[in-house]
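Here is target_27.pdb, consisting of PDB, C-alpha atoms, pLDDT in the B column:
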ATOM      1  CA  MET L   1      69.517  92.300 -97.925  1.00 75.00           C
ATOM      2  CA  GLN L   2      70.608  90.752-101.239  1.00 79.00           C
ATOM      3  CA  GLY L   3      68.675  87.577-100.548  1.00 84.00           C
ATOM      4  CA  VAL L   4      65.540  89.510 -99.593  1.00 89.00           C
ATOM      5  CA  LEU L   5      65.709  91.662-102.728  1.00 89.00           C
ATOM      6  CA  GLN L   6      66.369  88.741-105.027  1.00 89.00           C
ATOM      7  CA  SER L   7      63.574  86.559-103.658  1.00 93.00           C
ATOM      8  CA  THR L   8      61.099  89.461-103.702  1.00 93.00           C
ATOM      9  CA  ILE L   9      61.880  90.436-107.308  1.00 91.00           C
ATOM     10  CA  GLU L  10      61.601  86.815-108.418  1.00 93.00           C
ATOM     11  CA  ARG L  11      58.282  86.402-106.618  1.00 93.00           C
ATOM     12  CA  VAL L  12      56.754  89.597-108.051  1.00 92.00           C
ATOM     13  CA  SER L  13      58.157  89.328-111.598  1.00 91.00           C
ATOM     14  CA  GLY L  14      57.935  85.564-111.995  1.00 92.00           C
ATOM     15  CA  GLU L  15      61.495  85.520-113.362  1.00 92.00           C
ATOM     16  CA  ARG L  16      64.725  83.947-112.159  1.00 93.00           C
ATOM     17  CA  ILE L  17      67.169  86.826-111.741  1.00 91.00           C
ATOM     18  CA  VAL L  18      70.638  87.433-110.335  1.00 92.00           C
ATOM     19  CA  ILE L  19      71.419  90.573-108.330  1.00 92.00           C
ATOM     20  CA  HIS L  20      74.871  92.173-108.346  1.00 93.00           C
ATOM     21  CA  GLY L  21      75.583  94.636-105.524  1.00 92.00           C
ATOM     22  CA  ALA L  22      78.110  97.447-105.210  1.00 93.00           C
ATOM     23  CA  GLY L  23      79.591  95.744-102.172  1.00 84.00           C
ATOM     24  CA  ARG L  24      78.997  93.403 -99.261  1.00 79.00           C
ATOM     25  CA  THR L  25      78.466  94.581 -95.706  1.00 78.00           C
ATOM     26  CA  ASP L  26      78.939  92.760 -92.399  1.00 79.00           C
ATOM     27  CA  ALA L  27      75.894  91.604 -90.449  1.00 81.00           C
ATOM     28  CA  GLY L  28      74.418  94.534 -88.526  1.00 88.00           C
ATOM     29  CA  VAL L  29      75.814  97.165 -90.921  1.00 93.00           C
ATOM     30  CA  HIS L  30      73.336  99.523 -92.590  1.00 94.00           C
ATOM     31  CA  ALA L  31      73.185 100.827 -96.155  1.00 93.00           C
ATOM     32  CA  ARG L  32      71.663 104.108 -97.268  1.00 94.00           C
ATOM     33  CA  GLY L  33      73.313 104.127-100.694  1.00 93.00           C
ATOM     34  CA  GLN L  34      73.671 100.501-101.770  1.00 94.00           C
ATOM     35  CA  VAL L  35      73.498 100.045-105.553  1.00 95.00           C
ATOM     36  CA  ILE L  36      72.471  96.869-107.374  1.00 94.00           C
ATOM     37  CA  HIS L  37      72.040  95.920-110.999  1.00 95.00           C
ATOM     38  CA  LEU L  38      70.118  93.106-112.648  1.00 93.00           C
ATOM     39  CA  GLU L  39      68.817  92.010-116.041  1.00 93.00           C
ATOM     40  CA  THR L  40      65.086  91.455-116.462  1.00 92.00           C
ATOM     41  CA  THR L  41      62.361  91.333-119.106  1.00 92.00           C
ATOM     42  CA  TRP L  42      59.676  92.199-116.549  1.00 92.00           C
ATOM     43  CA  PRO L  43      57.219  94.487-118.474  1.00 91.00           C
ATOM     44  CA  VAL L  44      56.988  97.218-115.833  1.00 92.00           C
ATOM     45  CA  PRO L  45      57.952 100.840-116.687  1.00 92.00           C
ATOM     46  CA  ILE L  46      61.312 101.655-115.132  1.00 91.00           C
ATOM     47  CA  ASP L  47      59.863 104.656-113.285  1.00 88.00           C
ATOM     48  CA  LYS L  48      57.336 102.312-111.614  1.00 91.00           C
ATOM     49  CA  PHE L  49      59.847  99.553-110.840  1.00 90.00           C
ATOM     50  CA  SER L  50      60.782 100.800-107.379  1.00 91.00           C
ATOM     51  CA  LEU L  51      57.187 101.617-106.415  1.00 93.00           C
ATOM     52  CA  VAL L  52      55.955  98.133-107.272  1.00 93.00           C
ATOM     53  CA  LEU L  53      58.786  96.390-105.459  1.00 93.00           C
ATOM     54  CA  ASN L  54      58.563  98.588-102.361  1.00 95.00           C
ATOM     55  CA  GLY L  55      54.986  97.411-101.961  1.00 93.00           C
ATOM     56  CA  ALA L  56      56.270  93.841-101.628  1.00 94.00           C
ATOM     57  CA  LEU L  57      59.515  94.375 -99.689  1.00 94.00           C
ATOM     58  CA  PRO L  58      59.745  94.261 -95.864  1.00 93.00           C
ATOM     59  CA  ARG L  59      59.608  97.639 -94.115  1.00 91.00           C
ATOM     60  CA  ASP L  60      63.342  97.783 -93.395  1.00 90.00           C
ATOM     61  CA  VAL L  61      64.293  97.524 -97.093  1.00 92.00           C
ATOM     62  CA  SER L  62      63.380 100.263 -99.582  1.00 94.00           C
ATOM     63  CA  ILE L  63      64.386 101.028-103.169  1.00 94.00           C
ATOM     64  CA  ARG L  64      64.981 104.783-103.509  1.00 92.00           C
ATOM     65  CA  PHE L  65      64.987 104.933-107.313  1.00 91.00           C
ATOM     66  CA  SER L  66      65.470 102.783-110.400  1.00 93.00           C
ATOM     67  CA  SER L  67      66.844 103.491-113.865  1.00 93.00           C
ATOM     68  CA  GLU L  68      68.080 101.779-117.008  1.00 93.00           C
ATOM     69  CA  VAL L  69      71.835 101.462-117.538  1.00 94.00           C
ATOM     70  CA  ASP L  70      74.149 100.338-120.323  1.00 94.00           C
ATOM     71  CA  ARG L  71      74.857  96.633-120.619  1.00 92.00           C
ATOM     72  CA  ASP L  72      78.480  97.140-119.637  1.00 95.00           C
ATOM     73  CA  PHE L  73      77.514  98.758-116.295  1.00 96.00           C
ATOM     74  CA  HIS L  74      78.359  96.737-113.177  1.00 97.00           C
ATOM     75  CA  ALA L  75      77.250  97.865-109.724  1.00 96.00           C
ATOM     76  CA  ARG L  76      80.538  96.762-108.181  1.00 94.00           C
ATOM     77  CA  PHE L  77      83.212  97.033-110.861  1.00 95.00           C
ATOM     78  CA  SER L  78      82.014 100.312-112.408  1.00 96.00           C
ATOM     79  CA  ALA L  79      82.201 102.165-109.076  1.00 97.00           C
ATOM     80  CA  LYS L  80      84.813 104.923-108.818  1.00 97.00           C
ATOM     81  CA  GLN L  81      84.640 105.376-105.036  1.00 97.00           C
ATOM     82  CA  ARG L  82      82.543 104.527-101.990  1.00 97.00           C
ATOM     83  CA  THR L  83      81.708 106.516 -98.869  1.00 98.00           C
ATOM     84  CA  TYR L  84      80.965 105.038 -95.454  1.00 98.00           C
ATOM     85  CA  VAL L  85      79.721 106.917 -92.406  1.00 98.00           C
ATOM     86  CA  TYR L  86      80.264 105.657 -88.854  1.00 98.00           C
ATOM     87  CA  VAL L  87      78.372 107.139 -85.897  1.00 98.00           C
ATOM     88  CA  MET L  88      79.277 106.936 -82.198  1.00 98.00           C
ATOM     89  CA  TRP L  89      76.946 107.981 -79.388  1.00 97.00           C
ATOM     90  CA  THR L  90      79.366 109.576 -76.916  1.00 96.00           C
ATOM     91  CA  SER L  91      77.142 110.375 -73.937  1.00 94.00           C
ATOM     92  CA  LEU L  92      77.651 108.641 -70.615  1.00 94.00           C
ATOM     93  CA  GLN L  93      74.263 106.919 -70.765  1.00 94.00           C
ATOM     94  CA  ARG L  94      73.304 104.724 -73.690  1.00 93.00           C
ATOM     95  CA  SER L  95      70.462 105.760 -75.993  1.00 94.00           C
ATOM     96  CA  ALA L  96      67.400 103.559 -76.395  1.00 94.00           C
ATOM     97  CA  LEU L  97      66.528 105.362 -79.656  1.00 93.00           C
ATOM     98  CA  TRP L  98      69.988 105.395 -81.273  1.00 94.00           C
ATOM     99  CA  CYS L  99      71.243 101.985 -80.150  1.00 94.00           C
ATOM    100  CA  ARG L 100      70.539 100.445 -83.562  1.00 93.00           C
ATOM    101  CA  TYR L 101      72.355 103.088 -85.607  1.00 95.00           C
ATOM    102  CA  ALA L 102      75.144 104.381 -83.356  1.00 97.00           C
ATOM    103  CA  ALA L 103      77.802 102.567 -81.334  1.00 97.00           C
ATOM    104  CA  HIS L 104      77.872 103.645 -77.691  1.00 98.00           C
ATOM    105  CA  GLU L 105      81.161 104.988 -76.329  1.00 97.00           C
ATOM    106  CA  PRO L 106      80.729 106.440 -72.814  1.00 97.00           C
ATOM    107  CA  ARG L 107      84.435 107.141 -72.219  1.00 96.00           C
ATOM    108  CA  GLN L 108      86.073 110.479 -72.932  1.00 96.00           C
ATOM    109  CA  LEU L 109      87.705 110.662 -76.364  1.00 97.00           C
ATOM    110  CA  ASP L 110      90.518 112.947 -77.490  1.00 98.00           C
ATOM    111  CA  VAL L 111      89.091 114.078 -80.839  1.00 98.00           C
ATOM    112  CA  ASP L 112      92.178 116.097 -81.822  1.00 98.00           C
ATOM    113  CA  SER L 113      94.399 113.008 -81.491  1.00 98.00           C
ATOM    114  CA  MET L 114      91.894 110.983 -83.495  1.00 98.00           C
ATOM    115  CA  ARG L 115      91.960 113.578 -86.275  1.00 98.00           C
ATOM    116  CA  CYS L 116      95.737 113.481 -86.275  1.00 98.00           C
ATOM    117  CA  ALA L 117      95.684 109.689 -86.663  1.00 98.00           C
ATOM    118  CA  ALA L 118      93.119 109.947 -89.466  1.00 98.00           C
ATOM    119  CA  ARG L 119      95.417 112.314 -91.379  1.00 98.00           C
ATOM    120  CA  LEU L 120      98.361 109.933 -90.953  1.00 98.00           C
ATOM    121  CA  LEU L 121      96.342 107.017 -92.344  1.00 98.00           C
ATOM    122  CA  SER L 122      94.848 108.899 -95.293  1.00 98.00           C
ATOM    123  CA  GLY L 123      96.158 108.379 -98.790  1.00 98.00           C
ATOM    124  CA  LYS L 124      97.188 105.382-100.879  1.00 98.00           C
ATOM    125  CA  ARG L 125      98.702 102.468 -98.946  1.00 97.00           C
ATOM    126  CA  ASP L 126      98.473  98.776 -98.137  1.00 98.00           C
ATOM    127  CA  PHE L 127      95.653  98.449 -95.584  1.00 98.00           C
ATOM    128  CA  SER L 128      96.266  94.782 -94.705  1.00 97.00           C
ATOM    129  CA  ALA L 129      96.668  95.707 -91.026  1.00 98.00           C
ATOM    130  CA  PHE L 130      93.013  96.814 -91.010  1.00 98.00           C
ATOM    131  CA  ALA L 131      91.502  94.007 -93.101  1.00 96.00           C
ATOM    132  CA  ASN L 132      89.879  90.812 -91.895  1.00 94.00           C
ATOM    133  CA  LYS L 133      90.449  87.604 -93.813  1.00 88.00           C
ATOM    134  CA  SER L 134      88.118  87.054 -96.740  1.00 82.00           C
ATOM    135  CA  ASP L 135      86.944  83.896 -98.481  1.00 74.00           C
ATOM    136  CA  VAL L 136      88.358  85.319-101.699  1.00 76.00           C
ATOM    137  CA  SER L 137      91.615  87.259-101.417  1.00 81.00           C
ATOM    138  CA  PRO L 138      91.595  90.519-103.419  1.00 89.00           C
ATOM    139  CA  PRO L 139      94.314  90.934-106.052  1.00 92.00           C
ATOM    140  CA  SER L 140      95.712  93.912-104.114  1.00 95.00           C
ATOM    141  CA  MET L 141      95.446  95.186-100.541  1.00 97.00           C
ATOM    142  CA  VAL L 142      96.290  98.728-101.616  1.00 98.00           C
ATOM    143  CA  ARG L 143      93.493 101.267-101.327  1.00 98.00           C
ATOM    144  CA  ASP L 144      93.348 105.038-101.742  1.00 98.00           C
ATOM    145  CA  LEU L 145      91.700 106.495 -98.622  1.00 98.00           C
ATOM    146  CA  ARG L 146      90.724 109.884-100.028  1.00 98.00           C
ATOM    147  CA  ARG L 147      88.748 111.236 -97.076  1.00 98.00           C
ATOM    148  CA  PHE L 148      88.888 110.357 -93.380  1.00 98.00           C
ATOM    149  CA  ASN L 149      87.072 112.995 -91.348  1.00 98.00           C
ATOM    150  CA  VAL L 150      86.183 112.978 -87.651  1.00 98.00           C
ATOM    151  CA  LYS L 151      83.764 115.555 -86.276  1.00 97.00           C
ATOM    152  CA  PRO L 152      81.376 115.977 -83.323  1.00 97.00           C
ATOM    153  CA  ILE L 153      77.758 116.606 -84.285  1.00 96.00           C
ATOM    154  CA  GLY L 154      74.448 116.970 -82.483  1.00 93.00           C
ATOM    155  CA  GLY L 155      75.824 119.299 -79.851  1.00 91.00           C
ATOM    156  CA  GLY L 156      78.664 116.895 -79.113  1.00 90.00           C
ATOM    157  CA  LYS L 157      76.431 113.893 -78.406  1.00 94.00           C
ATOM    158  CA  PHE L 158      77.644 112.114 -81.531  1.00 97.00           C
ATOM    159  CA  LEU L 159      80.998 111.584 -83.165  1.00 98.00           C
ATOM    160  CA  LEU L 160      80.811 111.180 -86.948  1.00 98.00           C
ATOM    161  CA  PHE L 161      83.467 109.402 -89.022  1.00 98.00           C
ATOM    162  CA  GLU L 162      83.360 109.844 -92.800  1.00 98.00           C
ATOM    163  CA  LEU L 163      85.555 107.664 -95.015  1.00 98.00           C
ATOM    164  CA  THR L 164      85.802 107.771 -98.809  1.00 98.00           C
ATOM    165  CA  ALA L 165      88.073 105.477-100.825  1.00 98.00           C
ATOM    166  CA  ASP L 166      88.370 103.878-104.225  1.00 97.00           C
ATOM    167  CA  GLY L 167      87.499 100.630-102.463  1.00 95.00           C
ATOM    168  CA  PHE L 168      87.444  98.990 -99.036  1.00 96.00           C
ATOM    169  CA  LEU L 169      88.742  95.672 -97.763  1.00 96.00           C
ATOM    170  CA  ARG L 170      86.683  93.377 -95.561  1.00 94.00           C
ATOM    171  CA  SER L 171      85.867  95.136 -92.234  1.00 95.00           C
ATOM    172  CA  MET L 172      88.398  97.841 -93.113  1.00 97.00           C
ATOM    173  CA  VAL L 173      86.178 100.718 -91.963  1.00 98.00           C
ATOM    174  CA  ARG L 174      85.318  99.111 -88.630  1.00 98.00           C
ATOM    175  CA  ASN L 175      88.997  98.348 -87.993  1.00 98.00           C
ATOM    176  CA  LEU L 176      90.075 101.883 -88.905  1.00 98.00           C
ATOM    177  CA  VAL L 177      87.454 103.426 -86.626  1.00 98.00           C
ATOM    178  CA  GLY L 178      88.443 100.978 -83.898  1.00 98.00           C
ATOM    179  CA  GLY L 179      92.045 102.115 -84.269  1.00 98.00           C
ATOM    180  CA  LEU L 180      91.037 105.763 -83.942  1.00 98.00           C
ATOM    181  CA  ARG L 181      88.966 104.931 -80.884  1.00 98.00           C
ATOM    182  CA  SER L 182      92.062 103.392 -79.252  1.00 98.00           C
ATOM    183  CA  VAL L 183      93.920 106.613 -80.035  1.00 98.00           C
ATOM    184  CA  GLY L 184      91.082 108.706 -78.629  1.00 98.00           C
ATOM    185  CA  LEU L 185      91.135 106.696 -75.409  1.00 98.00           C
ATOM    186  CA  GLY L 186      94.890 107.231 -75.037  1.00 98.00           C
ATOM    187  CA  GLU L 187      95.692 103.533 -75.416  1.00 98.00           C
ATOM    188  CA  ILE L 188      98.060 104.247 -78.319  1.00 98.00           C
ATOM    189  CA  LYS L 189      99.414 107.388 -79.966  1.00 98.00           C
ATOM    190  CA  PRO L 190      98.618 108.519 -83.530  1.00 98.00           C
ATOM    191  CA  ASP L 191     102.117 107.705 -84.789  1.00 98.00           C
ATOM    192  CA  GLN L 192     101.870 104.235 -83.228  1.00 98.00           C
ATOM    193  CA  LEU L 193      98.709 103.574 -85.232  1.00 98.00           C
ATOM    194  CA  LYS L 194     100.600 104.705 -88.327  1.00 98.00           C
ATOM    195  CA  GLU L 195     103.369 102.226 -87.461  1.00 98.00           C
ATOM    196  CA  ILE L 196     100.741  99.479 -87.186  1.00 98.00           C
ATOM    197  CA  ALA L 197      99.490 100.429 -90.646  1.00 98.00           C
ATOM    198  CA  ASP L 198     103.030 100.292 -92.004  1.00 98.00           C
ATOM    199  CA  THR L 199     103.393  96.657 -90.911  1.00 97.00           C
ATOM    200  CA  ALA L 200     100.625  95.638 -93.343  1.00 97.00           C
ATOM    201  CA  ASP L 201      99.976  92.765 -90.939  1.00 97.00           C
ATOM    202  CA  ARG L 202      96.546  92.243 -89.342  1.00 96.00           C
ATOM    203  CA  THR L 203      98.033  90.058 -86.591  1.00 95.00           C
ATOM    204  CA  ARG L 204     100.075  93.031 -85.363  1.00 96.00           C
ATOM    205  CA  ASN L 205      97.059  95.273 -84.929  1.00 98.00           C
ATOM    206  CA  PRO L 206      95.827  94.994 -81.313  1.00 97.00           C
ATOM    207  CA  CYS L 207      92.995  97.524 -81.676  1.00 98.00           C
ATOM    208  CA  PRO L 208      89.503  95.978 -81.460  1.00 97.00           C
ATOM    209  CA  ALA L 209      87.150  96.679 -84.339  1.00 97.00           C
ATOM    210  CA  ALA L 210      84.305  99.119 -83.859  1.00 98.00           C
ATOM    211  CA  ALA L 211      80.833  97.589 -83.511  1.00 97.00           C
ATOM    212  CA  ALA L 212      78.853  96.911 -86.689  1.00 96.00           C
ATOM    213  CA  ASN L 213      75.731  98.868 -85.742  1.00 96.00           C
ATOM    214  CA  GLY L 214      77.375 102.287 -86.120  1.00 97.00           C
ATOM    215  CA  LEU L 215      78.391 101.728 -89.758  1.00 97.00           C
ATOM    216  CA  CYS L 216      76.448 102.712 -92.866  1.00 97.00           C
ATOM    217  CA  LEU L 217      77.325 102.494 -96.562  1.00 96.00           C
ATOM    218  CA  TRP L 218      76.437 106.087 -97.437  1.00 97.00           C
ATOM    219  CA  ARG L 219      76.967 106.378-101.180  1.00 96.00           C
ATOM    220  CA  VAL L 220      78.632 104.867-104.229  1.00 97.00           C
ATOM    221  CA  ASP L 221      79.968 107.123-106.982  1.00 97.00           C
ATOM    222  CA  TYR L 222      80.256 106.076-110.647  1.00 97.00           C
TER     223      TYR L 222
END
Structure rendered as structure tokens:
Amino acid sequence: MQGVLQSTIERVSGERIVIHGAGRTDAGVHARGQVIHLETTWPVPIDKFSLVLNGALPRDVSIRFSSEVDRDFHARFSAKQRTYVYVMWTSLQRSALWCRYAAHEPRQLDVDSMRCAARLLSGKRDFSAFANKSDVSPPSMVRDLRRFNVKPIGGGKFLLFELTADGFLRSMVRNLVGGLRSVGLGEIKPDQLKEIADTADRTRNPCPAAAANGLCLWRVDY
């Protein structure tokens, strides 16, 4: 998405610009609330900025609103917390309509056990056991997972995971949801997932990550 936005803005404005995003997402992950910032001298009123660009962007990318910010604002480093939503389609048969936005899980899940595991993992801790290797290692692997909710929606056809933290490590959400799925399937117990977290070692986490298509960056708070 960043490359598409940057090339489109440069083409329409005639300027060379650099986009800074609130965060990176894996291929196949969606974003409802991605935030970017850039510097430009393009003489278009700020309230028209999004309308003009949306006329040039591909149909699967849309700017919801635009505004001016202080020079010291940074889309990534000024963020106070981020919220991701993960959706599972839990019916026996897959959905042709939801296959792009919800991961299919046809097996029976124990939601109560998954909620128990989510409570055990919530709070401030080292989440190395749920982080994939990154090209640039973060200065700390400690994150404050402030919300980790699991709830059925849509008459029980969907299972919704909501995670809010002061920051997320690479693939952390997908690995956390994958861990809860293993708990829900009875492959491990909630306290065993907590023990995996306590190791702070990704190589000791046997739970497969959840698929990318069910994940969406929902909002960024400043």
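The two atoms in question, atom CA of L:Asp26 and atom CA of L:Ser13, are spaced 28.5 Å apart.
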Any chance you could work out the residue set of the PyMOL selection byres ((chain L and resi 102-113) around 8) here, as an NGL selection string? :L and (86-95 or 98-101 or 114-117 or 150-151 or 181 or 183-186 or 189-190 or 210-215)
Can you tell me how far atom CA of L:Asp72 sits from atom CA of L:Val44, in Å to one decimal? 21.8 Å
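By chain and then residue number, the residues within 12 Å of L:Val69 are Ile36, His37, Leu38, Glu39, Ile46, Ser66, Ser67, Arg71, Asp72, Phe73, His74, Ala75, Ser78 and Tyr222 of chain L, counting all atoms listed in the file and disregarding those fewer than 2 positions away in sequence.
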So that I can check the surroundings of stretch 160-171 of chain L, please list as a list in words every protein, DNA and RNA residue that reaches within 6 Å of it, counting all atoms listed in the file and ignoring chain neighbours fewer than 4 positions away. Lys80, Gln81, Arg82, Thr83, Tyr84, Val85, Tyr86, Val87, Ala131, Asn132, Asp144, Leu145, Arg146, Arg147, Phe148, Asn149, Val150 and Lys151 of chain L
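Compared by their closest atoms to L:Leu217, and using only C-alpha atoms, the residues L:Val12, L:Val173, L:Arg143, L:Leu51 rank with L:Val173 nearest.
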The PyMOL selection byres ((chain L and resi 204) around 12) resolved against shown file, as a list in words: Ser128, Ala129, Phe130, Ala131, Gln192, Leu193, Glu195, Ile196, Ala197, Asp198, Thr199, Ala200, Asp201, Arg202, Thr203, Asn205, Pro206, Cys207 and Pro208 of chain L
